[in-house]
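Shown next, in structure tokens, is the structure this report addresses.
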Amino acid sequence: MSPRRLLQLHAGLALYGLSIALLVRADLGLDSWDVLHQGLARRTGIPLGWVINAVGVLVLLAWIPLRQRPGYGTVANVALVGLATEAALAVIPDVRQMAVRWVVLIAAILANALATGLYVGAGFGPGPRDGLMTGLAARGFSIGRVRTGIELAVLATGWLLGGTVGPGTVLYALTIGPLVHRLLPYFTLSKGASNASPDRHHRQHPAEPSRRSGHRLVHQGRA
């Protein structure tokens, strides 16, 4: 584990937690998993960050029958994203003006995409929720159908529990994939990466193989 990869992983997870807090403060709709997290938090009275961590643990347990093996990044994801979310919610105030809420929403989506590029690019393993998706796909199911089915089931359950669904939910769904696809090649490190900054020319040329690799890794982007 190189210091650079570890730093990038933990920075990405912290930024991911911050992006969730910004989505909450914008109050224009969350992504599907966070609709579920918020719905559970509202029903149980448990802080949102703790719910995020608890759901991560439960999803990770579902890896066992699927014979999925977590990486260090998977475990760190479960432990840190919820804590970072709670810390950010403690210092970010509520936003009331509609124009400001939209600015916060857009900032949240951009931060989320950047965070995904950072922690996925560090190469320590997928988040627990995406490991569930890839584990089911490995059993012979279409990855597209598995992802769509999980996202819709989680979104519907969260909405019924009182999670926030709105235009931000749609905007997130439409933009997060293309954004991560663009950003991921800039942050993808080899496992032998040193402390030195990777050569920009090497990262950008040839561009197409890097973009194809980034496209495959986008599916691992959700915490």
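To be explicit about the labels: the chains of the structure tokens are called A, B, and onward in the order shown, and within each one the residues are counted from 1, while ligands get numbers from 1 in the order they are shown.
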Sort by chain and increasing residue number a table of all residues of segment 96-175 of chain A within 9 Å of segment 44-68 of chain A, each with its closest pair of atoms and their distance in Å to one decimal, counting only C-alpha atoms, and write it as a tab-separated table.
residue	atom	partner	partner_atom	distance
A:Gly127	CA	A:Gly56	CA	8.5
A:Pro128	CA	A:Leu60	CA	5.4
A:Arg129	CA	A:Val59	CA	6.3
A:Gly131	CA	A:Gln68	CA	7.2
A:Leu132	CA	A:Trp63	CA	6.2
A:Thr134	CA	A:Gln68	CA	8.7
A:Gly135	CA	A:Leu66	CA	5.7
A:Leu136	CA	A:Leu66	CA	7.0
A:Ala138	CA	A:Leu66	CA	8.5
A:Arg139	CA	A:Leu66	CA	8.0
I need the residues in segment 4-218 of chain A that are helix (DSSP H, G or I) according to DSSP; give them as a PyMOL selection string.
chain A and resi 4-26+32-44+48-61+63-66+72-91+98-121+128-137+143-161+167-187+200-204+207-218
Residues of segment 83-188 of chain A at most 12 Å from segment 16-19 of chain A: nearest atom pair and distance in Å, only C-alpha atoms, as JSON lines:
{"residue": "A:Leu83", "atom": "CA", "partner": "A:Gly17", "partner_atom": "CA", "distance": 7.4}
{"residue": "A:Ala84", "atom": "CA", "partner": "A:Gly17", "partner_atom": "CA", "distance": 4.7}
{"residue": "A:Thr85", "atom": "CA", "partner": "A:Gly17", "partner_atom": "CA", "distance": 4.1}
{"residue": "A:Glu86", "atom": "CA", "partner": "A:Gly17", "partner_atom": "CA", "distance": 7.9}
{"residue": "A:Ala87", "atom": "CA", "partner": "A:Leu18", "partner_atom": "CA", "distance": 8.2}
{"residue": "A:Ala88", "atom": "CA", "partner": "A:Leu18", "partner_atom": "CA", "distance": 5.6}
{"residue": "A:Leu89", "atom": "CA", "partner": "A:Leu18", "partner_atom": "CA", "distance": 8.0}
{"residue": "A:Ala90", "atom": "CA", "partner": "A:Leu18", "partner_atom": "CA", "distance": 10.8}
{"residue": "A:Val91", "atom": "CA", "partner": "A:Leu18", "partner_atom": "CA", "distance": 10.5}
{"residue": "A:Ile92", "atom": "CA", "partner": "A:Leu18", "partner_atom": "CA", "distance": 9.4}
{"residue": "A:Val104", "atom": "CA", "partner": "A:Ser19", "partner_atom": "CA", "distance": 9.5}
{"residue": "A:Leu105", "atom": "CA", "partner": "A:Ser19", "partner_atom": "CA", "distance": 9.0}
{"residue": "A:Ile106", "atom": "CA", "partner": "A:Ser19", "partner_atom": "CA", "distance": 10.0}
{"residue": "A:Ala107", "atom": "CA", "partner": "A:Ser19", "partner_atom": "CA", "distance": 7.9}
{"residue": "A:Ala108", "atom": "CA", "partner": "A:Ser19", "partner_atom": "CA", "distance": 4.6}
{"residue": "A:Ile109", "atom": "CA", "partner": "A:Ser19", "partner_atom": "CA", "distance": 6.9}
{"residue": "A:Leu110", "atom": "CA", "partner": "A:Ser19", "partner_atom": "CA", "distance": 8.2}
{"residue": "A:Ala111", "atom": "CA", "partner": "A:Ser19", "partner_atom": "CA", "distance": 5.5}
{"residue": "A:Asn112", "atom": "CA", "partner": "A:Ser19", "partner_atom": "CA", "distance": 5.2}
{"residue": "A:Ala113", "atom": "CA", "partner": "A:Tyr16", "partner_atom": "CA", "distance": 8.4}
{"residue": "A:Leu114", "atom": "CA", "partner": "A:Tyr16", "partner_atom": "CA", "distance": 8.3}
{"residue": "A:Ala115", "atom": "CA", "partner": "A:Tyr16", "partner_atom": "CA", "distance": 5.1}
{"residue": "A:Thr116", "atom": "CA", "partner": "A:Tyr16", "partner_atom": "CA", "distance": 7.1}
{"residue": "A:Gly117", "atom": "CA", "partner": "A:Tyr16", "partner_atom": "CA", "distance": 10.1}
{"residue": "A:Leu118", "atom": "CA", "partner": "A:Tyr16", "partner_atom": "CA", "distance": 9.5}
{"residue": "A:Tyr119", "atom": "CA", "partner": "A:Tyr16", "partner_atom": "CA", "distance": 8.9}
{"residue": "A:Val120", "atom": "CA", "partner": "A:Tyr16", "partner_atom": "CA", "distance": 11.3}
{"residue": "A:Gly127", "atom": "CA", "partner": "A:Tyr16", "partner_atom": "CA", "distance": 11.5}
{"residue": "A:Tyr172", "atom": "CA", "partner": "A:Ser19", "partner_atom": "CA", "distance": 11.6}
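Pairwise distance (atom CA of Leu7 of chain A, atom CA of Val103 of chain A) equals 28.3 Å.
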For His37 of chain A, which residue out of A:Gly82, A:Gly121, A:Gly177, A:Gly166 is the nearest one, using only C-alpha atoms?
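Looking at the shortest contact to His37 of chain A, the residue is A:Gly82.
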